[in-house]
file upload29.cif (mmCIF, C-alpha atoms and all ligand atoms)
data_run
#
loop_
_atom_site.label_atom_id
_atom_site.label_comp_id
_atom_site.auth_asym_id
_atom_site.auth_seq_id
_atom_site.Cartn_x
_atom_site.Cartn_y
_atom_site.Cartn_z
CA MET A 236 168.13 102.14 78.69
CA ASN A 237 169.98 100.41 75.83
CA LEU A 238 167.54 98.98 73.31
CA ILE A 239 167.54 97.25 69.95
CA LEU A 240 164.57 97.33 67.57
CA LEU A 241 164.56 94.20 65.47
CA GLY A 242 162.16 93.33 62.69
CA PRO A 243 161.82 92.92 58.93
CA PRO A 244 161.90 95.90 56.57
CA GLY A 245 158.49 97.58 56.82
CA ALA A 246 157.82 96.42 60.39
CA GLY A 247 157.69 100.04 61.58
CA LYS A 248 161.02 100.19 63.43
CA GLY A 249 161.76 103.77 62.35
CA THR A 250 158.25 105.01 63.15
CA GLN A 251 158.34 103.47 66.61
CA ALA A 252 161.91 104.60 67.31
CA LYS A 253 160.92 108.21 66.60
CA LYS A 254 158.08 107.99 69.14
CA MET A 255 160.37 106.32 71.67
CA ILE A 256 162.95 109.15 71.54
CA ASP A 257 160.51 111.53 73.27
CA ALA A 258 159.08 108.97 75.65
CA LEU A 259 162.45 107.64 76.84
CA GLY A 260 164.75 110.63 76.35
CA VAL A 261 167.39 108.60 74.52
CA PRO A 262 168.59 108.96 70.89
CA GLN A 263 167.63 106.76 67.95
CA ILE A 264 170.59 105.38 66.04
CA SER A 265 169.51 104.26 62.59
CA THR A 266 172.25 102.85 60.38
CA GLY A 267 169.85 103.24 57.43
CA ASP A 268 169.45 106.99 58.13
CA ILE A 269 173.22 107.44 58.60
CA LEU A 270 173.93 105.60 55.33
CA ARG A 271 171.27 107.58 53.43
CA ALA A 272 172.82 110.83 54.70
CA ALA A 273 176.23 109.63 53.46
CA VAL A 274 174.70 108.77 50.05
CA LYS A 275 173.10 112.22 49.85
CA ASP A 276 176.39 113.93 50.77
CA GLY A 277 178.26 111.83 48.19
CA THR A 278 180.93 110.71 50.67
CA PRO A 279 183.16 107.74 49.64
CA MET A 280 181.27 105.56 52.14
CA GLY A 281 177.96 106.75 50.68
CA VAL A 282 179.01 106.05 47.09
CA GLU A 283 180.08 102.51 48.07
CA ALA A 284 176.99 101.84 50.22
CA LYS A 285 174.51 103.02 47.59
CA LYS A 286 175.31 100.05 45.31
CA PHE A 287 174.30 97.59 48.03
CA MET A 288 171.30 99.60 49.23
CA ASP A 289 169.75 100.05 45.79
CA ALA A 290 170.10 96.32 45.14
CA GLY A 291 168.32 95.50 48.43
CA GLN A 292 171.48 93.98 49.89
CA LEU A 293 173.18 94.60 53.19
CA VAL A 294 176.14 96.96 53.30
CA PRO A 295 179.32 95.08 54.42
CA ASP A 296 179.54 94.42 58.18
CA SER A 297 182.83 96.32 58.56
CA VAL A 298 181.21 99.55 57.32
CA VAL A 299 178.18 99.51 59.64
CA ILE A 300 180.16 98.23 62.63
CA GLY A 301 182.50 101.22 62.17
CA ILE A 302 179.53 103.60 62.03
CA ILE A 303 178.08 102.22 65.27
CA ALA A 304 181.44 102.13 67.08
CA ASP A 305 181.85 105.88 66.42
CA ARG A 306 178.24 106.78 67.19
CA LEU A 307 178.04 104.94 70.53
CA LYS A 308 181.00 106.96 71.82
CA GLU A 309 179.05 110.22 71.55
CA SER A 310 177.90 111.70 74.83
CA ASP A 311 174.18 111.64 74.04
CA CYS A 312 174.39 107.83 74.27
CA ASP A 313 175.45 107.97 77.93
CA LYS A 314 171.83 107.70 79.15
CA GLY A 315 170.98 105.02 76.62
CA PHE A 316 170.11 104.53 72.94
CA ILE A 317 167.66 102.89 70.58
CA LEU A 318 169.39 100.93 67.83
CA ASP A 319 167.14 100.86 64.76
CA GLY A 320 168.31 98.58 61.95
CA PHE A 321 171.49 97.43 63.68
CA PRO A 322 172.57 94.69 64.21
CA ARG A 323 171.38 92.94 61.07
CA THR A 324 173.78 89.97 61.02
CA VAL A 325 175.19 87.68 63.71
CA ALA A 326 178.67 89.14 63.02
CA GLN A 327 177.28 92.63 63.77
CA ALA A 328 175.63 91.36 66.97
CA ASP A 329 178.92 89.78 68.09
CA ALA A 330 180.79 93.02 67.36
CA LEU A 331 178.18 95.03 69.28
CA GLU A 332 178.46 92.75 72.28
CA ALA A 333 182.26 93.15 72.33
CA MET A 334 182.01 96.92 71.85
CA LEU A 335 179.53 97.36 74.71
CA ARG A 336 181.51 95.08 77.01
CA LYS A 337 184.54 97.34 76.57
CA MET A 338 182.36 100.35 77.48
CA ASP A 339 180.99 98.47 80.51
CA LYS A 340 177.50 98.53 78.98
CA ASP A 341 174.98 95.93 77.87
CA ILE A 342 171.76 95.68 75.88
CA ASP A 343 168.68 95.67 78.15
CA ASP A 344 165.94 94.61 75.72
CA VAL A 345 165.67 93.55 72.11
CA VAL A 346 162.18 94.43 70.89
CA SER A 347 161.26 92.19 67.98
CA ILE A 348 158.40 93.70 65.96
CA GLU A 349 156.63 90.81 64.24
CA VAL A 350 154.76 91.34 60.97
CA PRO A 351 153.73 88.57 58.55
CA ASP A 352 155.63 88.58 55.25
CA GLU A 353 152.45 89.02 53.22
CA ASP A 354 151.84 92.47 54.83
CA LEU A 355 155.34 93.81 54.23
CA LEU A 356 155.34 94.32 50.44
CA GLY A 357 152.25 96.59 50.58
CA ARG A 358 153.62 98.49 53.54
CA LEU A 359 156.90 99.21 51.76
CA THR A 360 155.60 100.02 48.26
CA GLY A 361 153.16 102.55 49.79
CA ARG A 362 155.69 104.16 52.09
CA ARG A 363 156.56 107.83 51.56
CA MET A 364 159.38 109.56 53.40
CA CYS A 365 160.35 113.09 54.33
CA THR A 366 163.92 114.34 54.63
CA CYS A 367 162.98 115.47 58.19
CA GLY A 368 162.75 111.77 59.11
CA ALA A 369 158.96 111.45 59.16
CA SER A 370 157.39 108.53 57.36
CA PHE A 371 153.88 108.16 55.88
CA HIS A 372 151.89 105.60 53.92
CA VAL A 373 149.59 106.25 50.96
CA MET A 374 146.86 104.05 52.55
CA PHE A 375 147.59 103.36 56.21
CA ASN A 376 149.12 106.63 57.41
CA LYS A 377 148.15 109.31 54.90
CA PRO A 378 149.57 112.80 55.27
CA LYS A 379 146.92 115.53 55.66
CA LEU A 380 147.90 116.95 52.24
CA GLU A 381 148.80 114.36 49.61
CA GLY A 382 152.57 114.19 49.05
CA ILE A 383 153.39 116.78 51.75
CA CYS A 384 154.93 116.18 55.17
CA ASP A 385 152.56 117.00 58.08
CA LEU A 386 155.48 117.95 60.30
CA CYS A 387 157.60 120.27 58.14
CA GLY A 388 155.65 120.90 54.92
CA LYS A 389 158.31 119.47 52.59
CA GLU A 390 157.52 117.23 49.63
CA LEU A 391 157.51 113.51 50.39
CA TYR A 392 159.60 111.06 48.36
CA GLN A 393 159.81 107.31 47.82
CA ARG A 394 163.02 105.57 48.86
CA ASP A 395 165.01 104.07 45.96
CA ASP A 396 164.97 100.69 47.69
CA ASP A 397 161.17 100.72 48.19
CA ARG A 398 160.72 99.38 44.64
CA GLU A 399 159.20 95.92 44.36
CA GLU A 400 162.35 94.19 43.05
CA ALA A 401 164.57 95.62 45.80
CA ILE A 402 161.93 94.90 48.45
CA ARG A 403 161.78 91.22 47.49
CA GLU A 404 165.57 91.02 47.76
CA ARG A 405 165.51 92.79 51.14
CA LEU A 406 162.95 90.30 52.47
CA VAL A 407 164.98 87.30 51.29
CA ASN A 408 168.09 88.78 52.90
CA TYR A 409 166.21 89.56 56.09
CA HIS A 410 165.25 85.90 56.51
CA LYS A 411 168.73 84.66 55.61
CA GLN A 412 170.90 87.16 57.49
CA THR A 413 168.85 89.00 60.13
CA ALA A 414 166.17 86.57 61.37
CA PRO A 415 168.86 84.37 63.06
CA LEU A 416 169.25 87.25 65.54
CA ILE A 417 165.87 86.29 67.04
CA GLU A 418 167.48 83.08 68.29
CA PHE A 419 170.71 84.90 69.20
CA TYR A 420 168.89 87.25 71.58
CA THR A 421 166.40 84.62 72.80
CA GLU A 422 169.37 82.57 73.99
CA ARG A 423 170.59 85.63 75.90
CA GLY A 424 167.16 86.15 77.52
CA LYS A 425 166.77 89.58 75.93
CA LEU A 426 164.15 89.06 73.22
CA ARG A 427 160.73 90.71 73.70
CA ALA A 428 158.35 89.88 70.84
CA ILE A 429 155.65 92.46 70.03
CA PRO A 430 152.90 92.02 67.39
CA GLY A 431 153.60 94.65 64.72
CA THR A 432 150.06 94.69 63.32
CA GLY A 433 147.44 97.19 64.51
CA SER A 434 147.66 100.94 64.98
CA VAL A 435 150.97 102.76 65.43
CA ASP A 436 149.83 103.75 68.95
CA ASP A 437 148.84 100.20 69.93
CA ILE A 438 152.24 98.90 68.86
CA PHE A 439 153.96 101.77 70.67
CA ASN A 440 152.04 101.01 73.88
CA GLY A 441 153.04 97.36 73.59
CA ILE A 442 156.69 98.35 73.27
CA MET A 443 156.52 100.74 76.22
CA ARG A 444 154.99 98.01 78.38
CA VAL A 445 157.88 95.63 77.75
CA VAL A 446 160.72 98.14 77.99
CA ARG A 447 159.35 99.74 81.15
CA GLY A 448 158.21 96.44 82.69
P1 LIG A 501 166.85 100.71 56.64
O1 LIG A 501 166.58 102.16 56.53
O2 LIG A 501 167.14 100.27 58.04
O3 LIG A 501 165.78 99.86 55.98
O4 LIG A 501 168.19 100.43 55.81
C1 LIG A 501 168.27 100.70 54.43
C2 LIG A 501 169.43 99.94 53.81
O5 LIG A 501 170.65 100.38 54.42
C3 LIG A 501 169.40 98.44 54.02
O6 LIG A 501 168.60 97.75 53.08
C4 LIG A 501 170.88 98.09 53.86
O7 LIG A 501 171.29 98.14 52.50
C5 LIG A 501 171.54 99.28 54.57
N1 LIG A 501 171.71 99.00 56.01
C6 LIG A 501 171.10 99.65 57.05
N2 LIG A 501 171.48 99.12 58.22
C7 LIG A 501 172.34 98.10 57.93
C8 LIG A 501 173.06 97.15 58.70
N3 LIG A 501 172.97 97.13 60.04
N4 LIG A 501 173.85 96.27 58.05
C9 LIG A 501 173.97 96.29 56.72
N5 LIG A 501 173.30 97.13 55.92
C10 LIG A 501 172.50 98.04 56.51
#

call {"tool": "encode", "arguments": {"input": "upload29.cif", "output": "structure tokens", "more": "lines below"}}
Ligand code: AMP
result
Amino acid sequence: MNLILLGPPGAGKGTQAKKMIDALGVPQISTGDILRAAVKDGTPMGVEAKKFMDAGQLVPDSVVIGIIADRLKESDCDKGFILDGFPRTVAQADALEAMLRKMDKDIDDVVSIEVPDEDLLGRLTGRRMCTCGASFHVMFNKPKLEGICDLCGKELYQRDDDREEAIRERLVNYHKQTAPLIEFYTERGKLRAIPGTGSVDDIFNGIMRVVRG
């Protein structure tokens, strides 16, 4: 099962991908998580990527395409994968298609999580993350103890790019660079649109229906 989760920043791609790992038994591949780990480790790629990420801009295609090319070769991807946050440009989608063709693989479904723009700013400014990968929201998905992760007990933090100025830039760039992928995958008969409003479980059930259907 080779899946892509598409949607604007704040649509809930990461939250849904984490639930899908258990349900489908395939790994989540998040370019955002991989880049944040590189930033934290201070690698040359991380130092370079941080400038773009903090400004709410996309990291250059060549960098993320290289990350995905390496990651897809790992053996845990043999049974399938959930791409979360990749591709984000038509050039990345073209590169992915070529990469998978060489591996004799293809994308099965592209799940497009649809959320109106006016909901996204509030979702992102209220988002709180844990280094274990869990994500919470100060209003819509509160941790049991304020500021503390329910899963591992560590202190939650706010992403550097979840500041209003960076969020606005990310939304503009989403519409300019990533939204054209909706047409790209519609033309290929792979797009499955899912309403991204409602409870996390409702959205998850909607996704499971389309990917299992
Ligand atoms: P995310 O966690 O998916 O919201 O990604 C956080 C940031 O990482 C994005 O705003 C971009 O700066 C960068 N990034 C993640 N995935 C990609 C990608 N596929 N192409 C370019 N930049 C990316």

call {"tool": "closest_atom_pairs", "arguments": {"input": "upload29.cif", "of": "chain A", "to": "ligand LIG 501 (chain A)", "cutoff": "10 Å", "atoms": "all atoms listed in the file", "output": "JSON lines"}}
result
{"residue": "A:Leu241", "atom": "CA", "partner": "A:LIG501", "partner_atom": "O2", "distance": 9.9}
{"residue": "A:Gly242", "atom": "CA", "partner": "A:LIG501", "partner_atom": "O2", "distance": 9.7}
{"residue": "A:Pro243", "atom": "CA", "partner": "A:LIG501", "partner_atom": "O3", "distance": 8.5}
{"residue": "A:Pro244", "atom": "CA", "partner": "A:LIG501", "partner_atom": "O3", "distance": 5.6}
{"residue": "A:Gly245", "atom": "CA", "partner": "A:LIG501", "partner_atom": "O3", "distance": 7.7}
{"residue": "A:Ala246", "atom": "CA", "partner": "A:LIG501", "partner_atom": "O3", "distance": 9.7}
{"residue": "A:Gly247", "atom": "CA", "partner": "A:LIG501", "partner_atom": "O3", "distance": 9.8}
{"residue": "A:Lys248", "atom": "CA", "partner": "A:LIG501", "partner_atom": "O2", "distance": 8.2}
{"residue": "A:Gly249", "atom": "CA", "partner": "A:LIG501", "partner_atom": "O1", "distance": 7.7}
{"residue": "A:Ser265", "atom": "CA", "partner": "A:LIG501", "partner_atom": "O2", "distance": 6.5}
{"residue": "A:Thr266", "atom": "CA", "partner": "A:LIG501", "partner_atom": "N2", "distance": 4.4}
{"residue": "A:Gly267", "atom": "CA", "partner": "A:LIG501", "partner_atom": "O1", "distance": 3.6}
{"residue": "A:Asp268", "atom": "CA", "partner": "A:LIG501", "partner_atom": "O1", "distance": 5.8}
{"residue": "A:Ile269", "atom": "CA", "partner": "A:LIG501", "partner_atom": "C6", "distance": 8.2}
{"residue": "A:Leu270", "atom": "CA", "partner": "A:LIG501", "partner_atom": "O5", "distance": 6.2}
{"residue": "A:Arg271", "atom": "CA", "partner": "A:LIG501", "partner_atom": "O5", "distance": 7.3}
{"residue": "A:Ala284", "atom": "CA", "partner": "A:LIG501", "partner_atom": "O7", "distance": 7.2}
{"residue": "A:Lys285", "atom": "CA", "partner": "A:LIG501", "partner_atom": "O7", "distance": 7.6}
{"residue": "A:Lys286", "atom": "CA", "partner": "A:LIG501", "partner_atom": "O7", "distance": 8.5}
{"residue": "A:Phe287", "atom": "CA", "partner": "A:LIG501", "partner_atom": "O7", "distance": 5.4}
{"residue": "A:Met288", "atom": "CA", "partner": "A:LIG501", "partner_atom": "O7", "distance": 3.6}
{"residue": "A:Asp289", "atom": "CA", "partner": "A:LIG501", "partner_atom": "O7", "distance": 7.1}
{"residue": "A:Ala290", "atom": "CA", "partner": "A:LIG501", "partner_atom": "O7", "distance": 7.7}
{"residue": "A:Gly291", "atom": "CA", "partner": "A:LIG501", "partner_atom": "O6", "distance": 5.2}
{"residue": "A:Gln292", "atom": "CA", "partner": "A:LIG501", "partner_atom": "O7", "distance": 4.9}
{"residue": "A:Leu293", "atom": "CA", "partner": "A:LIG501", "partner_atom": "N5", "distance": 3.7}
{"residue": "A:Val294", "atom": "CA", "partner": "A:LIG501", "partner_atom": "N5", "distance": 3.9}
{"residue": "A:Pro295", "atom": "CA", "partner": "A:LIG501", "partner_atom": "C9", "distance": 5.9}
{"residue": "A:Asp296", "atom": "CA", "partner": "A:LIG501", "partner_atom": "N4", "distance": 6.0}
{"residue": "A:Ser297", "atom": "CA", "partner": "A:LIG501", "partner_atom": "N4", "distance": 9.0}
{"residue": "A:Val298", "atom": "CA", "partner": "A:LIG501", "partner_atom": "C9", "distance": 8.0}
{"residue": "A:Val299", "atom": "CA", "partner": "A:LIG501", "partner_atom": "N4", "distance": 5.6}
{"residue": "A:Ile300", "atom": "CA", "partner": "A:LIG501", "partner_atom": "N3", "distance": 7.7}
{"residue": "A:Ile302", "atom": "CA", "partner": "A:LIG501", "partner_atom": "N3", "distance": 9.4}
{"residue": "A:Ile303", "atom": "CA", "partner": "A:LIG501", "partner_atom": "N3", "distance": 8.9}
{"residue": "A:Leu318", "atom": "CA", "partner": "A:LIG501", "partner_atom": "N3", "distance": 9.4}
{"residue": "A:Asp319", "atom": "CA", "partner": "A:LIG501", "partner_atom": "O2", "distance": 6.7}
{"residue": "A:Gly320", "atom": "CA", "partner": "A:LIG501", "partner_atom": "O2", "distance": 4.4}
{"residue": "A:Phe321", "atom": "CA", "partner": "A:LIG501", "partner_atom": "N3", "distance": 3.9}
{"residue": "A:Pro322", "atom": "CA", "partner": "A:LIG501", "partner_atom": "N3", "distance": 4.8}
{"residue": "A:Arg323", "atom": "CA", "partner": "A:LIG501", "partner_atom": "N3", "distance": 4.6}
{"residue": "A:Thr324", "atom": "CA", "partner": "A:LIG501", "partner_atom": "N4", "distance": 7.0}
{"residue": "A:Ala326", "atom": "CA", "partner": "A:LIG501", "partner_atom": "N4", "distance": 9.9}
{"residue": "A:Gln327", "atom": "CA", "partner": "A:LIG501", "partner_atom": "N3", "distance": 7.3}
{"residue": "A:Ala328", "atom": "CA", "partner": "A:LIG501", "partner_atom": "N3", "distance": 9.4}
{"residue": "A:Leu359", "atom": "CA", "partner": "A:LIG501", "partner_atom": "O3", "distance": 9.9}
{"residue": "A:Arg394", "atom": "CA", "partner": "A:LIG501", "partner_atom": "C1", "distance": 9.1}
{"residue": "A:Asp395", "atom": "CA", "partner": "A:LIG501", "partner_atom": "C1", "distance": 9.7}
{"residue": "A:Asp396", "atom": "CA", "partner": "A:LIG501", "partner_atom": "O6", "distance": 7.1}
{"residue": "A:Asp397", "atom": "CA", "partner": "A:LIG501", "partner_atom": "O3", "distance": 9.1}
{"residue": "A:Ala401", "atom": "CA", "partner": "A:LIG501", "partner_atom": "O6", "distance": 8.6}
{"residue": "A:Ile402", "atom": "CA", "partner": "A:LIG501", "partner_atom": "O6", "distance": 8.6}
{"residue": "A:Glu404", "atom": "CA", "partner": "A:LIG501", "partner_atom": "O6", "distance": 9.1}
{"residue": "A:Arg405", "atom": "CA", "partner": "A:LIG501", "partner_atom": "O6", "distance": 6.2}
{"residue": "A:Leu406", "atom": "CA", "partner": "A:LIG501", "partner_atom": "O6", "distance": 9.4}
{"residue": "A:Asn408", "atom": "CA", "partner": "A:LIG501", "partner_atom": "O6", "distance": 9.0}
{"residue": "A:Tyr409", "atom": "CA", "partner": "A:LIG501", "partner_atom": "O6", "distance": 9.0}
{"residue": "A:Gln412", "atom": "CA", "partner": "A:LIG501", "partner_atom": "N4", "distance": 9.6}
{"residue": "A:Thr413", "atom": "CA", "partner": "A:LIG501", "partner_atom": "N4", "distance": 9.1}

call {"tool": "atom_distance", "arguments": {"input": "upload29.cif", "atom1": "CA of Gly361 in chain A", "atom2": "CA of Ile383 in chain A"}}
result
14.4 Å

call {"tool": "atom_distance", "arguments": {"input": "upload29.cif", "atom1": "CA of Asp257 in chain A", "atom2": "CA of Ile438 in chain A"}}
result
15.7 Å

call {"tool": "atom_distance", "arguments": {"input": "upload29.cif", "atom1": "CA of Gly368 in chain A", "atom2": "CA of Pro262 in chain A"}}
result
13.4 Å

call {"tool": "residues_around", "arguments": {"input": "upload29.cif", "residues": "Glu381 in chain A", "least_positions_apart": "3", "cutoff": "12 Å", "atoms": "all atoms listed in the file", "output": "compact mmCIF listing (two decimals) with C-alpha atoms, keeping the file's coordinate frame"}}
result
# COMPACT_ATOMS: atom_id res chain seq x y z
CA ARG A 363 156.56 107.83 51.56
CA PHE A 371 153.88 108.16 55.88
CA HIS A 372 151.89 105.60 53.92
CA VAL A 373 149.59 106.25 50.96
CA MET A 374 146.86 104.05 52.55
CA ASN A 376 149.12 106.63 57.41
CA LYS A 377 148.15 109.31 54.90
CA PRO A 378 149.57 112.80 55.27
CA CYS A 384 154.93 116.18 55.17
CA ASP A 385 152.56 117.00 58.08
CA GLY A 388 155.65 120.90 54.92
CA LYS A 389 158.31 119.47 52.59
CA GLU A 390 157.52 117.23 49.63
CA LEU A 391 157.51 113.51 50.39
CA TYR A 392 159.60 111.06 48.36

call {"tool": "closest_residue", "arguments": {"input": "upload29.cif", "among": "A:Gly281, A:Met334, A:Arg403, A:Lys425", "to": "Ala304 in chain A", "atoms": "all atoms listed in the file"}}
result
A:Met334

call {"tool": "closest_residue", "arguments": {"input": "upload29.cif", "among": "A:Ala414, A:Asp436, A:Ala330, A:Cys387", "to": "Cys365 in chain A", "atoms": "only C-alpha atoms"}}
result
A:Cys387

call {"tool": "closest_residue", "arguments": {"input": "upload29.cif", "among": "A:Lys253, A:Val345, A:Met280, A:Met338", "to": "Leu416 in chain A", "atoms": "all atoms listed in the file"}}
result
A:Val345

call {"tool": "closest_residue", "arguments": {"input": "upload29.cif", "among": "A:Ile264, A:Ile348, A:Leu356, A:Cys367", "to": "Ile417 in chain A", "atoms": "all atoms listed in the file"}}
result
A:Ile348

call {"tool": "closest_residue", "arguments": {"input": "upload29.cif", "among": "A:Val261, A:Leu380, A:Ala369, A:Leu238", "to": "Ser310 in chain A", "atoms": "all atoms listed in the file"}}
result
A:Val261

call {"tool": "closest_residue", "arguments": {"input": "upload29.cif", "among": "A:Lys379, A:Arg444, A:Arg358, A:Arg423", "to": "Glu399 in chain A", "atoms": "only C-alpha atoms"}}
result
A:Arg358
